[in-house]
Amino acid sequence: MSQYSYDTKKTGSVFVISAILVSLFVLWGVVSPASLAETANHLLASTIENFGWFYMIVTAFFIAFVLFLAISPFGKLRLGKNEDRPEYSYYTWVGMLFSAGIGVGFVFWGVAEPVLYYMDPPKGIAPETAEAARVGLRYAVYHWALHPWAIFALVALALAYVQFRKDQPALISSAFHPLIGKKVDSWFGKGIDILAVLATSTGVATTFGLSAIQITGGLSYLTPIPNTIITQMIVILIVTVLFIFSAASGLDRGIKILSVTNLTIAGILLLFMIIFGPTLFIAESVVTTLGGYIANIIPMSLTMTPFSDSVWLGAYTIFFWAWHISWAPFMGLFIARISRGRTIREFVFGVLFVPSIVAIIWFTAFGGTAIHLDRTAGHQIAEVVSSQVELALFTTLSHLPLGGIMSILAVLLILIFFITSADSASYVLGAMTSKGSLNPKMWVKVIWGFLIAGTASVLLVSGGLRGLQTASIIAALPFAVIMIFMTVSLYLMLKDDYKMIRRSKKQEQMEQLKEELREEIYEEIKEEVFTEIKEEVVNEIKDEIVSGVIEDVMEENTENLSERKK
């Protein structure tokens with residue numbers, strides 16, 4: 001058994017309690033969708049009013065913390081043993097990052113979000129102006145670049161470190177060993193895991209709903225199929241069945257193949273938009289948006305509206321922060337699973353900066369093209385977005401060459417994203433409710449797949465897109481608190497390990513220095529001894545030679561005297 005597999009595969013109380021709670025939520029939505037919607041709206045208003053500031057400050061803190069880890073000496077530490085190396089190529093790894101589910105957000109909001117902000121900009125900006133267009137692109141990038149990926153990176157770092165460096169199970173509670181010790185195995189730790197499962201199921205259900213809305217929107221745009229709740233339910237059911245086949249293929253086959261396919265299709269769609277759209281305008285907008293984003297990221301991250309209502313922030317920024325936080329356990333565990341062997345610095349660069357660069361190009365290309373067509377060609381894309389946001393992408397593509405073919409390709413892309421999201425989510429929830437097993441049983445993954453599908457369905461029925469947003473904002477709040485303590489725990493682990501590594505290196509250096517000194521002293525003593533021995537030998541040889549010479553001379557003299565006497 002691999003040291004990283006945790007092949008117990010046993011479900012426990014976390015699975016039972018989480019599954020019951022999610023099932024009760026689904027049942028509530030089926031029996032009384034109006035009651036669910038009313039309660040959710042009340043909780044939403046209370047959450048935004050009382051905790052909007054909290055969402056804003058913690059997301060900024062998460063970025064600062066992750067960047068600190070990357071540039072600090074901790075960045076050299078490896079997510080795994082010292083001999084571990086990455087198991088996926090960089091291209092495949094990046095593809096799996098997007099296909100885990102966040103790619104759905106890129107496709108759904110790529111056109112819609114900049115156009116929405118163009119029509120309804122932040123307070124102080126006149127709608128449908130050039131300034132509103134620039135601010136719209138900047139805020140779209142702001143919601144999908146560094147902030148969400150810092151949230152995912154933080155949880156992924158903690159989980160990858162405890163799994164592959166500390167040989168702990170793939171559980172959120174495993175990251176809390178430095179803070180609570182053996183209590184991670186008690187009900188305290190199980191409570192953390194249950195909250196993580198509930199937040200994850202809500203966040204994933206939101207993505208399910210968004211995918212279903214956009215797929216039915218695309219189908220209704222391309223075919224006579226109506227864009228109704230019934231159609232959305234049918235799409236969710238079909239995708240749920242399809243994901244089971246992908247899940248049966250395993251992580252290395254199913255998700256890996258679909259992820260590479262996804263990344264390739266998304267690349268084709270992006271290149272098409274850049275080439276056949278207003279290329280020069282897109283290039284200029286990318287530069288302008290990047291500059292505006294860098295210049296305003298701190299003010300945007302720390303700006304609230306204490307002297308006016310917070311409707312805009314609640315509807316957009318706070319929703320996205322909450323949605324990303326609710327996704328954090330899922331994305332974190334999945335990214336951790338595919339990132340073993342990478343250093344923290346390499347990991348942060350790949351998870352934080354590569355997707356952020358893609359987000360800048362993607363949202364500027366798609367959203368900028370839509371705003372450009374609306375302002376210069378009078379195609380009234382803004383009106384479509386305001387009435388049917390799911391048609392934003394397809395309406396924009398229809399005004400470009402080969403738009404019909406690209407729309408079909410976009411539907412295929414969303415469908416594959418949907419399947420990989422379901423596959424990834426069922427795998428992660430299965431692992432989280434199987435005591436951290438990295439190979440959860442198939443029936444556990446299937447149950448979670450159907451429960452998430454049910455959650456998405458009741459949210460759509462009770463509130464549509466707003467219902468999905470409401471659920472994310474409410475469910476993310478307790479996990480945001482958990483993430484704060486997770487940063488403390490991760491820092492303590494890294495600090496202790498770094499100290500131990502430095503101590504070990506110092507010891508190695510001391511041993512090496514001792515060995516070098518030993519060799520130097522040995523050579524010096526050897527040379528001195530050799531010199532002394534050489535002198536002694538030379539003196540002995542001299543004495544021997546002198547004695548021999550004296551004897552020879554004596555013998556010669558004796559012989560000469562004898563001859564003379566004769």
# chains A, B, ... in the order shown; residues from 1 in each chain; ligands from 1
$ closest_atom_pairs --of "segment 323-372 of chain A" --to "segment 267-280 of chain A" --cutoff "7 Å" --atoms "only C-alpha atoms" --output "JSON lines"
{"residue": "A:Trp362", "atom": "CA", "partner": "A:Leu270", "partner_atom": "CA", "distance": 6.8}
{"residue": "A:Ala365", "atom": "CA", "partner": "A:Ile274", "partner_atom": "CA", "distance": 6.3}
{"residue": "A:Phe366", "atom": "CA", "partner": "A:Met273", "partner_atom": "CA", "distance": 6.8}
{"residue": "A:Thr369", "atom": "CA", "partner": "A:Gly277", "partner_atom": "CA", "distance": 6.4}
$ select_by_dssp --residues "segment 307-409 of chain A" --states "helix (DSSP H, G or I)" --output "number ranges by chain"
A: 311-315, 317-338, 344-377, 381-387, 389-398, 403-409
$ closest_residue --among "A:Ser398, A:Val26, A:Lys445, A:Asp552" --to "Ala425 of chain A" --atoms "only C-alpha atoms"
A:Lys445
$ closest_residue --among "A:Ile414, A:Ala156, A:Trp312, A:Phe281" --to "Thr216 of chain A" --atoms "only C-alpha atoms"
A:Ile414
$ residues_around --residues "segment 116-132 of chain A" --least-positions-apart "5" --cutoff "10 Å" --atoms "only C-alpha atoms" --output "list in words"
Trp109, Val111, Leu137, Arg138, Tyr139, Ala140, Thr305, Ser308, Asp309, Ser310, Val311, Trp312, Leu313, Tyr316, Gly367, Ile371, Asp374, Arg375, Ala382, Glu383, Val385, Ser386 and Val389 of chain A
$ write_last_selection --atoms "N, CA and C atoms" --output "PDB file, in the first residue's frame"
ATOM      1  N   TRP A 109     -19.290  33.428 -17.003  1.00  0.00           N
ATOM      2  CA  TRP A 109     -19.205  34.845 -16.693  1.00  0.00           C
ATOM      3  C   TRP A 109     -18.280  35.627 -17.621  1.00  0.00           C
ATOM      4  N   VAL A 111     -18.361  36.647 -20.708  1.00  0.00           N
ATOM      5  CA  VAL A 111     -19.044  37.742 -21.399  1.00  0.00           C
ATOM      6  C   VAL A 111     -19.970  38.479 -20.445  1.00  0.00           C
ATOM      7  N   LEU A 137     -14.435  45.629 -17.005  1.00  0.00           N
ATOM      8  CA  LEU A 137     -13.390  44.637 -17.299  1.00  0.00           C
ATOM      9  C   LEU A 137     -12.464  44.460 -16.097  1.00  0.00           C
ATOM     10  N   ARG A 138     -12.147  45.564 -15.423  1.00  0.00           N
ATOM     11  CA  ARG A 138     -11.240  45.484 -14.269  1.00  0.00           C
ATOM     12  C   ARG A 138     -11.856  44.662 -13.135  1.00  0.00           C
ATOM     13  N   TYR A 139     -13.134  44.896 -12.851  1.00  0.00           N
ATOM     14  CA  TYR A 139     -13.770  44.163 -11.765  1.00  0.00           C
ATOM     15  C   TYR A 139     -13.994  42.693 -12.122  1.00  0.00           C
ATOM     16  N   ALA A 140     -14.237  42.403 -13.391  1.00  0.00           N
ATOM     17  CA  ALA A 140     -14.374  41.000 -13.808  1.00  0.00           C
ATOM     18  C   ALA A 140     -13.064  40.250 -13.559  1.00  0.00           C
ATOM     19  N   THR A 305     -18.681  50.136   1.560  1.00  0.00           N
ATOM     20  CA  THR A 305     -19.569  51.291   1.356  1.00  0.00           C
ATOM     21  C   THR A 305     -20.309  51.594   2.658  1.00  0.00           C
ATOM     22  N   SER A 308     -23.309  54.162   2.447  1.00  0.00           N
ATOM     23  CA  SER A 308     -24.419  53.898   1.528  1.00  0.00           C
ATOM     24  C   SER A 308     -24.732  52.417   1.594  1.00  0.00           C
ATOM     25  N   ASP A 309     -25.726  51.976   0.820  1.00  0.00           N
ATOM     26  CA  ASP A 309     -26.068  50.553   0.877  1.00  0.00           C
ATOM     27  C   ASP A 309     -24.979  49.728   0.201  1.00  0.00           C
ATOM     28  N   SER A 310     -24.963  48.432   0.507  1.00  0.00           N
ATOM     29  CA  SER A 310     -23.931  47.540  -0.040  1.00  0.00           C
ATOM     30  C   SER A 310     -24.532  46.552  -1.030  1.00  0.00           C
ATOM     31  N   VAL A 311     -25.554  46.987  -1.763  1.00  0.00           N
ATOM     32  CA  VAL A 311     -26.236  46.094  -2.693  1.00  0.00           C
ATOM     33  C   VAL A 311     -25.288  45.627  -3.787  1.00  0.00           C
ATOM     34  N   TRP A 312     -24.517  46.545  -4.347  1.00  0.00           N
ATOM     35  CA  TRP A 312     -23.617  46.175  -5.446  1.00  0.00           C
ATOM     36  C   TRP A 312     -22.562  45.187  -4.955  1.00  0.00           C
ATOM     37  N   LEU A 313     -21.911  45.493  -3.846  1.00  0.00           N
ATOM     38  CA  LEU A 313     -20.892  44.586  -3.307  1.00  0.00           C
ATOM     39  C   LEU A 313     -21.495  43.228  -2.973  1.00  0.00           C
ATOM     40  N   TYR A 316     -22.305  41.197  -6.209  1.00  0.00           N
ATOM     41  CA  TYR A 316     -21.189  40.805  -7.053  1.00  0.00           C
ATOM     42  C   TYR A 316     -19.968  40.361  -6.233  1.00  0.00           C
ATOM     43  N   GLY A 367     -15.379  39.547 -22.722  1.00  0.00           N
ATOM     44  CA  GLY A 367     -16.169  40.672 -22.250  1.00  0.00           C
ATOM     45  C   GLY A 367     -15.910  41.937 -23.036  1.00  0.00           C
ATOM     46  N   ILE A 371     -18.690  44.162 -25.170  1.00  0.00           N
ATOM     47  CA  ILE A 371     -18.921  45.595 -24.938  1.00  0.00           C
ATOM     48  C   ILE A 371     -18.624  46.390 -26.201  1.00  0.00           C
ATOM     49  N   ASP A 374     -21.451  45.999 -28.580  1.00  0.00           N
ATOM     50  CA  ASP A 374     -22.628  46.719 -28.090  1.00  0.00           C
ATOM     51  C   ASP A 374     -22.488  48.232 -28.317  1.00  0.00           C
ATOM     52  N   ARG A 375     -21.279  48.753 -28.117  1.00  0.00           N
ATOM     53  CA  ARG A 375     -21.077  50.210 -28.208  1.00  0.00           C
ATOM     54  C   ARG A 375     -20.907  50.691 -29.636  1.00  0.00           C
ATOM     55  N   ALA A 382     -26.042  44.011 -24.280  1.00  0.00           N
ATOM     56  CA  ALA A 382     -26.339  44.362 -22.891  1.00  0.00           C
ATOM     57  C   ALA A 382     -27.783  44.027 -22.528  1.00  0.00           C
ATOM     58  N   GLU A 383     -28.706  44.251 -23.456  1.00  0.00           N
ATOM     59  CA  GLU A 383     -30.116  43.943 -23.179  1.00  0.00           C
ATOM     60  C   GLU A 383     -30.324  42.445 -22.990  1.00  0.00           C
ATOM     61  N   VAL A 385     -28.049  40.311 -21.925  1.00  0.00           N
ATOM     62  CA  VAL A 385     -27.433  39.932 -20.652  1.00  0.00           C
ATOM     63  C   VAL A 385     -28.346  40.281 -19.485  1.00  0.00           C
ATOM     64  N   SER A 386     -28.992  41.431 -19.551  1.00  0.00           N
ATOM     65  CA  SER A 386     -29.851  41.854 -18.447  1.00  0.00           C
ATOM     66  C   SER A 386     -31.098  40.994 -18.309  1.00  0.00           C
ATOM     67  N   VAL A 389     -28.988  36.102 -18.758  1.00  0.00           N
ATOM     68  CA  VAL A 389     -27.534  36.163 -18.640  1.00  0.00           C
ATOM     69  C   VAL A 389     -26.861  34.937 -19.240  1.00  0.00           C
TER      70      VAL A 389
END
